[in-house]
$ cat upload_9.tsv   # TSV, C-alpha atoms
chain	number	residue	atom	x	y	z
A	1	MET	CA	139.72	118.26	116.84
A	2	PRO	CA	140.52	117.82	113.13
A	3	GLU	CA	140.10	114.36	111.60
A	4	THR	CA	143.50	112.80	110.90
A	5	SER	CA	142.85	109.20	109.87
A	6	THR	CA	144.36	109.78	106.41
A	7	ASP	CA	147.35	111.76	105.16
A	8	PRO	CA	146.32	114.71	102.96
A	9	SER	CA	149.86	114.90	101.55
A	10	ALA	CA	149.89	111.32	100.23
A	11	ASP	CA	150.93	111.15	96.58
A	12	THR	CA	151.20	107.38	96.25
A	13	ILE	CA	149.09	104.51	97.51
A	14	GLU	CA	151.89	103.45	99.87
A	15	ALA	CA	151.60	106.81	101.66
A	16	ILE	CA	147.88	106.46	102.40
A	17	ARG	CA	147.03	105.45	105.94
A	18	THR	CA	144.86	102.36	106.00
A	19	PRO	CA	142.13	101.31	105.97
A	20	ALA	CA	141.12	103.68	103.18
A	21	LEU	CA	138.99	103.81	100.06
A	22	VAL	CA	140.72	104.07	96.69
A	23	VAL	CA	138.93	104.66	93.40
A	24	GLU	CA	140.52	103.88	90.05
A	25	SER	CA	140.05	107.06	87.99
A	26	ALA	CA	140.01	105.33	84.61
A	27	VAL	CA	137.32	102.84	85.68
A	28	LEU	CA	135.23	105.61	87.23
A	29	ASP	CA	135.50	107.62	84.01
A	30	ALA	CA	134.40	104.62	81.96
A	31	ASN	CA	131.40	103.99	84.23
A	32	LEU	CA	130.27	107.61	83.97
A	33	ALA	CA	130.66	107.60	80.19
A	34	ALA	CA	128.67	104.36	79.88
A	35	MET	CA	125.79	105.80	81.89
A	36	ASP	CA	125.92	109.13	80.02
A	37	ALA	CA	125.48	107.25	76.75
A	38	MET	CA	122.51	105.31	78.13
A	39	LEU	CA	120.76	107.96	80.27
A	40	PRO	CA	121.96	111.42	79.24
A	41	GLY	CA	121.08	114.66	80.99
A	42	ASP	CA	117.88	114.69	83.02
A	43	ARG	CA	117.05	111.07	82.15
A	44	LEU	CA	119.35	110.30	85.08
A	45	ARG	CA	118.85	111.68	88.57
A	46	PRO	CA	122.06	110.50	90.30
A	47	HIS	CA	121.50	109.19	93.81
A	48	VAL	CA	124.15	110.74	96.06
A	49	LYS	CA	123.46	108.25	98.88
A	50	ALA	CA	125.72	105.84	96.98
A	51	PHE	CA	128.87	107.98	96.90
A	52	LYS	CA	128.30	110.63	99.59
A	53	THR	CA	130.65	113.27	98.14
A	54	THR	CA	129.86	116.61	96.55
A	55	SER	CA	133.06	116.31	94.50
A	56	LEU	CA	131.55	113.54	92.40
A	57	ALA	CA	128.20	115.34	92.32
A	58	GLN	CA	130.00	118.36	90.83
A	59	ARG	CA	131.50	116.10	88.18
A	60	LEU	CA	128.09	114.65	87.33
A	61	SER	CA	126.59	118.12	87.09
A	62	GLN	CA	129.31	119.11	84.65
A	63	ASP	CA	128.37	116.03	82.61
A	64	GLY	CA	124.81	117.35	82.27
A	65	HIS	CA	123.01	115.68	85.18
A	66	HIS	CA	121.61	118.66	87.05
A	67	GLY	CA	118.98	116.95	89.21
A	68	PHE	CA	120.07	114.88	92.21
A	69	CYS	CA	118.44	112.33	94.45
A	70	CYS	CA	119.05	112.16	98.22
A	71	ALA	CA	118.18	109.79	101.04
A	72	THR	CA	118.76	112.15	104.00
A	73	PRO	CA	118.16	115.82	104.81
A	74	ARG	CA	121.91	116.13	105.43
A	75	GLU	CA	122.63	115.15	101.83
A	76	VAL	CA	120.21	117.82	100.62
A	77	GLU	CA	121.85	120.47	102.80
A	78	GLY	CA	125.31	119.47	101.58
A	79	LEU	CA	124.34	119.71	97.91
A	80	VAL	CA	122.78	123.14	98.46
A	81	ALA	CA	125.91	124.35	100.26
A	82	ALA	CA	128.00	123.12	97.31
A	83	GLY	CA	125.91	125.12	94.83
A	84	LEU	CA	124.11	122.05	93.44
A	85	GLY	CA	120.56	123.02	94.37
A	86	ALA	CA	119.02	123.36	90.92
A	87	ASP	CA	116.76	120.33	91.40
A	88	ILE	CA	117.10	118.13	94.49
A	89	LEU	CA	114.74	115.31	95.42
A	90	LEU	CA	114.63	113.89	98.93
A	91	ALA	CA	113.45	110.46	97.78
A	92	ASN	CA	112.62	109.35	101.27
A	93	GLU	CA	109.94	110.08	103.83
A	94	SER	CA	111.07	112.40	106.60
A	95	LEU	CA	109.41	114.42	109.35
A	96	ASP	CA	112.59	116.50	109.67
A	97	VAL	CA	112.00	118.72	106.64
A	98	ALA	CA	111.63	122.19	108.17
A	99	ARG	CA	115.43	122.49	107.86
A	100	LEU	CA	114.95	122.02	104.10
A	101	GLY	CA	112.04	124.43	103.91
A	102	ALA	CA	114.43	127.05	105.31
A	103	LEU	CA	116.49	126.57	102.11
A	104	ALA	CA	113.54	127.04	99.76
A	105	ASP	CA	114.76	130.43	98.53
A	106	ASP	CA	118.21	129.04	97.76
A	107	ALA	CA	117.37	125.81	95.98
A	108	GLN	CA	114.58	123.85	94.30
A	109	ILE	CA	113.88	121.09	96.79
A	110	THR	CA	111.24	118.40	96.34
A	111	VAL	CA	110.38	115.83	99.00
A	112	ALA	CA	108.61	112.49	98.78
A	113	VAL	CA	105.37	112.03	100.73
A	114	ASP	CA	103.29	108.89	101.17
A	115	SER	CA	100.85	109.78	103.98
A	116	ASP	CA	98.90	112.64	105.48
A	117	THR	CA	101.49	112.86	108.27
A	118	THR	CA	104.49	113.25	105.96
A	119	LEU	CA	102.50	115.70	103.85
A	120	ASP	CA	101.60	117.68	106.98
A	121	ALA	CA	105.31	117.84	107.86
A	122	ALA	CA	106.09	119.18	104.40
A	123	ILE	CA	103.37	121.81	104.60
A	124	ALA	CA	104.36	122.93	108.11
A	125	GLY	CA	108.04	122.89	107.18
A	126	GLY	CA	107.73	125.28	104.28
A	127	ILE	CA	108.35	122.71	101.55
A	128	ARG	CA	107.07	123.94	98.20
A	129	ARG	CA	107.25	120.83	96.00
A	130	VAL	CA	106.45	117.15	96.50
A	131	LEU	CA	106.37	113.85	94.68
A	132	VAL	CA	103.84	111.25	95.78
A	133	ASP	CA	105.72	108.08	96.70
A	134	VAL	CA	103.86	104.95	95.62
A	135	GLU	CA	104.42	101.39	96.83
A	136	VAL	CA	105.20	99.26	93.77
A	137	GLY	CA	106.14	95.94	95.36
A	138	LEU	CA	109.03	96.65	97.72
A	139	PRO	CA	107.78	96.38	101.33
A	140	ARG	CA	109.11	99.75	102.36
A	141	CYS	CA	107.78	103.30	101.89
A	142	GLY	CA	105.03	104.30	99.49
A	143	CYS	CA	101.27	104.80	99.57
A	144	ALA	CA	98.71	102.57	97.92
A	145	VAL	CA	98.12	103.31	94.25
A	146	GLU	CA	94.49	104.09	95.06
A	147	ASP	CA	95.49	106.78	97.59
A	148	ALA	CA	98.01	108.65	95.42
A	149	GLY	CA	95.52	110.97	93.74
A	150	ARG	CA	93.94	111.98	97.04
A	151	LEU	CA	97.33	112.91	98.53
A	152	ALA	CA	98.16	114.93	95.42
A	153	ASP	CA	94.86	116.82	95.57
A	154	ARG	CA	95.40	117.60	99.25
A	155	ALA	CA	98.93	118.85	98.57
A	156	ARG	CA	97.71	121.16	95.81
A	157	THR	CA	94.93	122.47	98.01
A	158	ALA	CA	97.62	123.40	100.55
A	159	GLY	CA	99.48	125.34	97.86
A	160	LEU	CA	102.26	122.85	97.11
A	161	GLU	CA	103.40	121.97	93.62
A	162	VAL	CA	102.93	118.27	92.90
A	163	ARG	CA	105.62	117.36	90.39
A	164	GLY	CA	104.57	113.74	89.86
A	165	VAL	CA	105.20	110.33	91.38
A	166	MET	CA	108.05	108.09	92.40
A	167	GLY	CA	108.26	104.40	93.20
A	168	TYR	CA	111.25	102.18	93.88
A	169	GLU	CA	111.34	98.61	92.56
A	170	GLY	CA	114.24	97.75	94.84
A	171	HIS	CA	113.02	94.18	95.26
A	172	LEU	CA	113.85	93.58	91.58
A	173	MET	CA	117.39	94.99	91.42
A	174	MET	CA	119.08	91.60	91.67
A	175	VAL	CA	116.78	89.53	89.43
A	176	MET	CA	119.32	87.82	87.18
A	177	ASP	CA	117.28	86.59	84.22
A	178	PRO	CA	116.71	89.49	81.75
A	179	THR	CA	113.31	88.27	80.60
A	180	GLU	CA	112.07	87.71	84.14
A	181	LYS	CA	113.43	91.10	85.20
A	182	SER	CA	111.77	92.91	82.32
A	183	GLU	CA	108.41	91.30	83.05
A	184	LYS	CA	108.55	91.98	86.78
A	185	VAL	CA	109.79	95.56	86.38
A	186	GLY	CA	107.02	96.14	83.86
A	187	SER	CA	104.37	94.90	86.27
A	188	SER	CA	105.80	97.06	89.04
A	189	MET	CA	106.00	100.17	86.89
A	190	GLU	CA	102.46	99.71	85.58
A	191	LEU	CA	101.35	100.49	89.12
A	192	LEU	CA	103.43	103.68	89.12
A	193	VAL	CA	102.13	104.77	85.72
A	194	GLN	CA	98.58	104.15	86.94
A	195	ALA	CA	99.23	106.36	89.96
A	196	SER	CA	100.79	108.98	87.72
A	197	GLY	CA	97.53	109.26	85.83
A	198	ASP	CA	95.73	110.13	89.08
A	199	VAL	CA	98.45	112.41	90.46
A	200	GLY	CA	99.49	114.38	87.39
A	201	GLY	CA	102.77	116.22	86.99
A	202	ASP	CA	105.64	115.60	84.62
A	203	ILE	CA	107.84	113.26	86.68
A	204	VAL	CA	107.73	109.49	86.97
A	205	SER	CA	110.81	108.74	89.04
A	206	GLY	CA	112.25	105.38	90.06
A	207	GLY	CA	114.73	102.69	89.18
A	208	GLY	CA	118.30	102.21	90.26
A	209	THR	CA	121.57	100.72	89.10
A	210	GLY	CA	120.13	97.21	89.02
A	211	THR	CA	117.26	98.15	86.68
A	212	CYS	CA	118.80	101.06	84.76
A	213	THR	CA	118.95	99.04	81.54
A	214	THR	CA	115.43	97.64	82.01
A	215	ASN	CA	113.22	100.40	83.36
A	216	THR	CA	111.87	102.31	80.35
A	217	TRP	CA	108.70	103.47	82.11
A	218	CYS	CA	110.20	106.17	84.32
A	219	THR	CA	111.03	109.62	83.02
A	220	GLU	CA	114.14	109.60	85.24
A	221	ILE	CA	116.23	106.87	86.86
A	222	GLN	CA	117.58	107.18	90.42
A	223	ALA	CA	120.91	105.36	90.04
A	224	GLY	CA	124.09	106.00	92.03
A	225	SER	CA	126.03	102.78	92.69
A	226	TYR	CA	126.93	102.48	88.99
A	227	THR	CA	129.59	105.15	89.51
A	228	MET	CA	131.92	102.81	91.41
A	229	LEU	CA	129.92	99.57	91.57
A	230	ASP	CA	130.43	96.71	94.04
A	231	THR	CA	130.66	92.93	93.93
A	232	ASP	CA	126.90	92.51	94.38
A	233	TYR	CA	125.91	94.64	91.38
A	234	ALA	CA	128.87	93.22	89.43
A	235	LYS	CA	126.93	89.93	89.29
A	236	LEU	CA	124.51	91.57	86.84
A	237	ASP	CA	125.05	92.10	83.12
A	238	LEU	CA	125.68	95.85	83.36
A	239	PRO	CA	128.05	98.10	81.37
A	240	PHE	CA	129.97	99.07	84.52
A	241	GLU	CA	133.00	97.75	86.39
A	242	ILE	CA	134.19	97.91	89.98
A	243	ALA	CA	136.19	101.10	90.51
A	244	ILE	CA	136.44	101.13	94.29
A	245	ASN	CA	138.60	99.12	96.69
A	246	VAL	CA	139.23	99.11	100.40
A	247	LEU	CA	142.97	99.54	100.81
A	248	ALA	CA	144.46	97.69	103.78
A	249	THR	CA	147.85	96.79	105.22
A	250	VAL	CA	148.99	93.32	106.20
A	251	ILE	CA	149.70	93.43	109.94
A	252	SER	CA	150.28	89.75	110.69
A	253	VAL	CA	151.38	86.62	108.83
A	254	ASN	CA	150.69	83.26	110.46
A	255	ARG	CA	152.81	80.20	109.75
A	256	LYS	CA	149.61	78.14	109.48
A	257	GLY	CA	148.82	79.84	106.21
A	258	TRP	CA	146.66	82.87	106.89
A	259	ILE	CA	147.38	86.60	106.90
A	260	VAL	CA	145.63	89.45	108.69
A	261	ALA	CA	145.07	93.00	107.42
A	262	ASP	CA	143.81	96.13	109.15
A	263	ALA	CA	140.39	96.44	107.51
A	264	GLY	CA	137.44	94.97	109.34
A	265	ILE	CA	133.73	95.45	109.81
A	266	LYS	CA	134.27	99.06	110.90
A	267	SER	CA	135.70	99.90	107.47
A	268	MET	CA	133.23	98.15	105.16
A	269	ALA	CA	129.60	97.11	105.06
A	270	MET	CA	128.78	93.43	105.44
A	271	ASP	CA	125.04	93.38	104.69
A	272	HIS	CA	125.67	92.00	101.19
A	273	GLY	CA	128.38	89.59	102.30
A	274	ASN	CA	132.16	89.47	102.56
A	275	PRO	CA	134.44	91.55	100.37
A	276	THR	CA	136.33	89.84	97.55
A	277	TRP	CA	140.11	89.48	97.35
A	278	GLU	CA	141.72	88.47	94.06
A	279	HIS	CA	144.72	86.75	95.71
A	280	GLY	CA	142.79	84.22	97.77
A	281	ASP	CA	139.81	83.65	100.00
A	282	VAL	CA	138.32	85.82	102.73
A	283	PHE	CA	138.30	83.77	105.93
A	284	PHE	CA	136.38	86.16	108.21
A	285	LEU	CA	136.16	89.77	109.42
A	286	SER	CA	136.15	91.18	112.94
A	287	ASP	CA	136.00	94.78	114.11
A	288	GLU	CA	139.41	95.97	112.92
A	289	HIS	CA	140.77	92.86	111.20
A	290	ILE	CA	140.25	90.78	108.09
A	291	THR	CA	141.72	87.27	108.04
A	292	LEU	CA	142.62	86.03	104.57
A	293	ALA	CA	143.70	82.69	103.13
A	294	PRO	CA	146.07	83.56	100.26
A	295	THR	CA	146.64	81.13	97.41
A	296	ASP	CA	150.39	81.65	97.98
A	297	PRO	CA	151.01	82.37	101.67
A	298	ALA	CA	154.77	82.73	101.14
A	299	ALA	CA	154.18	85.74	98.87
A	300	TRP	CA	152.93	87.97	101.69
A	301	SER	CA	154.79	89.90	104.38
A	302	VAL	CA	153.84	92.30	107.14
A	303	GLY	CA	153.59	95.79	105.65
A	304	ASP	CA	152.26	94.71	102.24
A	305	THR	CA	149.17	96.54	100.97
A	306	ILE	CA	146.13	94.74	99.66
A	307	ARG	CA	142.95	95.78	97.87
A	308	LEU	CA	139.54	94.42	98.79
A	309	GLN	CA	136.39	94.80	96.70
A	310	PRO	CA	133.40	95.62	98.93
A	311	ALA	CA	130.04	93.92	98.42
A	312	HIS	CA	127.98	97.09	99.04
A	313	ILE	CA	129.48	100.51	98.39
A	314	ASP	CA	126.80	102.82	99.83
A	315	PRO	CA	127.29	102.01	103.54
A	316	THR	CA	130.97	101.25	102.98
A	317	ILE	CA	131.68	104.77	101.76
A	318	SER	CA	129.73	106.29	104.64
A	319	LYS	CA	132.22	104.73	107.08
A	320	HIS	CA	135.12	106.76	105.64
A	321	GLN	CA	136.22	110.40	105.65
A	322	HIS	CA	137.78	110.45	102.18
A	323	LEU	CA	137.86	108.81	98.79
A	324	TRP	CA	141.30	108.62	97.19
A	325	LEU	CA	141.26	108.89	93.39
A	326	VAL	CA	144.18	106.88	92.05
A	327	ASP	CA	145.80	106.15	88.73
A	328	GLY	CA	147.54	102.85	89.37
A	329	GLU	CA	149.87	103.54	92.29
A	330	ARG	CA	149.69	107.34	91.94
A	331	VAL	CA	147.23	109.45	93.91
A	332	ALA	CA	145.40	111.84	91.57
A	333	ASP	CA	143.03	113.50	94.04
A	334	ARG	CA	141.32	113.19	97.40
A	335	TRP	CA	137.59	113.75	97.76
A	336	ASP	CA	135.98	114.46	101.13
A	337	VAL	CA	133.04	112.21	101.96
A	338	ASP	CA	131.14	115.30	103.04
A	339	LEU	CA	127.53	114.03	102.79
A	340	ARG	CA	127.71	111.55	105.66
A	341	HIS	CA	125.43	111.58	108.69
A	342	TRP	CA	121.79	112.61	108.86
$ encode --input "upload_9.tsv" --output "structure tokens"
Amino acid sequence: MPETSTDPSADTIEAIRTPALVVESAVLDANLAAMDAMLPGDRLRPHVKAFKTTSLAQRLSQDGHHGFCCATPREVEGLVAAGLGADILLANESLDVARLGALADDAQITVAVDSDTTLDAAIAGGIRRVLVDVEVGLPRCGCAVEDAGRLADRARTAGLEVRGVMGYEGHLMMVMDPTEKSEKVGSSMELLVQASGDVGGDIVSGGGTGTCTTNTWCTEIQAGSYTMLDTDYAKLDLPFEIAINVLATVISVNRKGWIVADAGIKSMAMDHGNPTWEHGDVFFLSDEHITLAPTDPAAWSVGDTIRLQPAHIDPTISKHQHLWLVDGERVADRWDVDLRHW
């Protein structure tokens, strides 16, 4: 059965079925231009996990960013199908890589490995290129610095190309003080540079939106959220603004002073906190509802549309089928969120 939660013929915001994601075109354009000026071409490896649509990936490729970063095999497959397979990195450990090895003749695919088991999966799955993923302080994936060279040697012995190293300093993304951030990122990246000396290859990959202005050690930065931003990253001193909103419709107005709209937990991620609403406070969210305390309750009626700024865009976008590009109240385009799932 075709998905029908939004109206493909909508030409104004009022015609979009809610809840929905709307992206201000002018703000998106400004964010992309700001990043292009800072990290042009292959200095940036855009992370598609943030925006989950090949339409934006195509735009970034046209802007000169030809390498992409992925978190799931499904994202890799989607980029290849869209003709964006010039240089794709699965920056995540996976044992489900044979499906990517089957695409080796159609695209240049590199996968991250941090253990003998993930390397064995890459070898058995027909993967031709790897990066050695090194733990640099975030308690997540990554091998010990001291083990990186051994993994690289074993990969080369098996006939794989070892392109370099990667390491994600995700634990430092939200450090607010610039001096503290610079010092801590430097200490983290010194570990990655040390591993790079043992591993070899041309790539030192890492970073993200939160450290894109600080991390000068990596040869490429894996940023994606900068494209549309969210209220969490907006707390940092970055040259980007929030471009994305969850569009919702007021479905109830209570005489006690609150209003309810049709966007709840099922339409936005809550791991970084509540969304923000410029016309008042967010009271709470439930599955399909958000209860709001407007500064002027008398100004709101059933049927009004509201815009909410999500706290974390990556998992918010993955809950939706489309992104609506808008210019004020006019719909400029609709992008399919075609890189969802696994």
$ residues_around --input "upload_9.tsv" --residues "range 305-315 of chain A" --least-positions-apart "2" --cutoff "8 Å" --atoms "all atoms listed in the file" --output "ChimeraX atom specification"
/A:14,49-52,225,228-232,242,244-250,268-278,303,317-319
$ closest_residue --input "upload_9.tsv" --among "A:Glu75, A:Asp296, A:Asp177, A:Asp147" --to "Val253 in chain A" --atoms "all atoms listed in the file"
A:Asp296
$ residues_around --input "upload_9.tsv" --residues "Trp258 in chain A" --least-positions-apart "4" --cutoff "9 Å" --atoms "all atoms listed in the file" --output "list in words"
Ser252, Val253, Asn254, Phe283, Thr291, Leu292, Ala293, Pro294 and Pro297 of chain A
$ closest_residue --input "upload_9.tsv" --among "A:Ala30, A:Ala57, A:Val22, A:Gly164" --to "Gly224 in chain A" --atoms "all atoms listed in the file"
A:Ala57
$ atom_distance --input "upload_9.tsv" --atom1 "CA of Met38 in chain A" --atom2 "CA of Thr216 in chain A"
11.3 Å
$ residues_around --input "upload_9.tsv" --residues "Ser55 in chain A" --least-positions-apart "6" --cutoff "9 Å" --atoms "all atoms listed in the file" --output "PyMOL selection string"
chain A and resi 82+335-338
$ closest_residue --input "upload_9.tsv" --among "A:Val132, A:Leu236, A:Asp120, A:Gly264" --to "Val204 in chain A" --atoms "only C-alpha atoms"
A:Val132
$ atom_distance --input "upload_9.tsv" --atom1 "CA of Glu93 in chain A" --atom2 "CA of Val111 in chain A"
7.5 Å
$ closest_residue --input "upload_9.tsv" --among "A:Val260, A:Ile265, A:Met176, A:Ala86" --to "Asp281 in chain A" --atoms "all atoms listed in the file"
A:Val260
$ residues_around --input "upload_9.tsv" --residues "Thr209 in chain A" --least-positions-apart "5" --cutoff "9 Å" --atoms "all atoms listed in the file" --output "list in words"
Met173, Ile221, Gln222, Ala223, Gly224, Ser225, Tyr226, Leu229, Tyr233 and Leu238 of chain A
$ closest_residue --input "upload_9.tsv" --among "A:Thr316, A:Asn92, A:Thr72, A:Ser182" --to "Asn215 in chain A" --atoms "all atoms listed in the file"
A:Ser182
$ closest_residue --input "upload_9.tsv" --among "A:Glu220, A:Asp114, A:Asp153, A:Asp29" --to "His66 in chain A" --atoms "only C-alpha atoms"
A:Glu220
